[in-house]
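Peer 1: Pasting in a structure now, in structure tokens, and then I'll have a few things to ask.
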Amino acid sequence: MKDIAERAGVSPSAVSFALNDRDGVSPGTRARIRKVAEELGWQPNSAARALSGERSGCVGLVLARPAHTLGVESFFLQLVSGIQEALAAQRVALLFQVVEDLEAECAIYRRWWAERRVDGVLVVDPRAEDPRPALLTSLTLPTVVIGDTATPSAPLPVPSPAPLSTIWADDAAAMRSIIDHLYGLGHRRIVHIAGLPGLAHTERRVAALRAEAARLGLDAAEVRSVSTDYSDEQGAEATRRLLVAPRPPTAIVYDNDVMAVAGAAVAAGRGVPVPAALSIVAWDDSPLCRVTHPRLTSLVRDTAGFGRLAAQELLSLLDGAPTRRLQAELPRLELRESTAPPPGPA
């Protein structure tokens, strides 16, 4: 600031006023000071600003997932891309970290708060029993939860323990659209290869499958869900077990694109043609679903747009806007070559 003051021919206090957008200098002087600052490569010190009560210019995102499952899943890459796009437009940085469990995630929030590292956080993967909302409330960190906090065991409306915003998609309606499509084709043995148990969206999808099966009069033993960690390895292994069962499913719904592609490969390896003997649906669309042969019927949604919406909501909270619940656009089922009527009697 002293160097800028000398070159601009003003006092250090005038430099402080200009660079911190405070009154006390004329528009012409402010512009001259900013031009000199840019020439000298000046940047605000986020740590110093945080200590003085100003924003750090950074928001946080922690993923409590096994790291090996994130490297192959396109959902989070697209989500973070959308988040980063919205933040970059406002010159806000994203502090991103991957941890093994919720305990480690909560520890990071405490450390970020103590160090004034972030102005707010984006929270993903709401749990059925989730300690994060209450913790973030106690830390007074502005928060946007990406995903619905409601579960079948605790449906909305539920008084939230935290003043936070939520961006959510209707997983139950999406599951109904898949099951209705498969039922209309004639499938009566349908298995859902789900993701991690305990996640709120996993519970909603499982509950929606059960409810739709009951509505359609389907056998609960033959329309069911099995849990995995979202990885291609566990998706493939679950598929192998299903295909060697005495009454294998005629249709499988996978909770992500990677597991669906792995399942299609297992079916091909066992001589089970898709879709002649087995129909496959992927919950999330990606280039993998479109280049696999046959191309996979998939739920299509704007995941990057989901991330942009969440980041924009957090920026609004930081500017003093009230918290709210926002519903994202309902995913649509894109019909491709991997679904067809089952062979013979279902």
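The chains in the structure tokens are called A, B, ... from first to last as shown; in each chain the residues are counted from 1, and the ligands are counted from 1 in the order shown.
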Please list as a PyMOL selection string every residue within 10 Å of A:Glu212, counting only C-alpha atoms and excluding residues in the same chain fewer than 6 positions away.
Peer 2: chain A and resi 172+175-177+179-180+218+223
Peer 1: Please, could you write that set of residues out with C-alpha atoms as a PDB file, in the first residue's frame?
Peer 2:
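Just written: selection39.pdb:
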```pdb
ATOM      1  CA  ALA A 172     -38.817 -40.409  -5.904  1.00  0.00           C
ATOM      2  CA  MET A 175     -37.499 -43.561  -9.793  1.00  0.00           C
ATOM      3  CA  ARG A 176     -41.206 -43.781 -10.594  1.00  0.00           C
ATOM      4  CA  SER A 177     -40.520 -42.740 -14.183  1.00  0.00           C
ATOM      5  CA  ILE A 179     -40.160 -48.254 -13.030  1.00  0.00           C
ATOM      6  CA  ASP A 180     -43.201 -47.165 -15.015  1.00  0.00           C
ATOM      7  CA  LEU A 218     -45.277 -56.536  -8.126  1.00  0.00           C
ATOM      8  CA  VAL A 223     -38.414 -55.932  -7.232  1.00  0.00           C
TER       9      VAL A 223
END
```
Peer 1: List as an MDAnalysis selection string the protein and nucleic acid residues near A:Phe76, meaning an atom at most 12 Å away when only C-alpha atoms are counted, but skip any in the same chain fewer than 3 places from it.
Peer 2: chainID A and resid 61:63 65 67 69:73 79:84 96 98 124:125 146 256 284 286 303:304 306:307
Peer 1: So, counting only C-alpha atoms, which residue among A:Ala220, A:Ala64, A:Glu115, A:Leu182 is closest to A:Leu196?
Peer 2: A:Ala64
Peer 1: Write out as an NGL selection string which residues come within 7 Å of stretch 328-341 of chain A when counting only C-alpha atoms, dropping same-chain ones fewer than 6 positions away.
Peer 2: :A and (167-170 or 174 or 185-187 or 274-276 or 279-280 or 294-301 or 306)
Peer 1: Could you give me, as a PyMOL selection string, each residue of stretch 207-294 of chain A that DSSP assigns to alpha helix (DSSP H) when run on this structure's backbone?
Peer 2: chain A and resi 207-216+232-243+257-269+287-291
Peer 1: Among stretch 93-251 of chain A, which ones does DSSP place in strand (DSSP E or B), written as an MDAnalysis selection string?
Peer 2: chainID A and resid 93:99 120:124 127 143:146 151 154 165:168 190:194 199 223:227 251
Peer 1: Using only C-alpha atoms, which residue out of A:Asp319, A:Asp257, A:Glu237, A:Asp171 lies closest to A:Thr292?
Peer 2: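 Of the candidates, the smallest distance to A:Thr292 is held by A:Asp257.
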Peer 1: Using only C-alpha atoms, can you tell me which of A:Ala194, A:Ala277, A:Met259, A:Val121 comes closest to A:Leu95?
Peer 2: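 Looking at the shortest contact to A:Leu95, the residue is A:Val121.
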Peer 1: Nearest to A:Tyr109 among A:Arg32, A:Arg132, A:His192, A:Arg241, with distances taken over only C-alpha atoms: which residue is it?
Peer 2: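 Comparing A:Arg32, A:Arg132, A:His192, A:Arg241 against A:Tyr109, the winner is A:Arg132.
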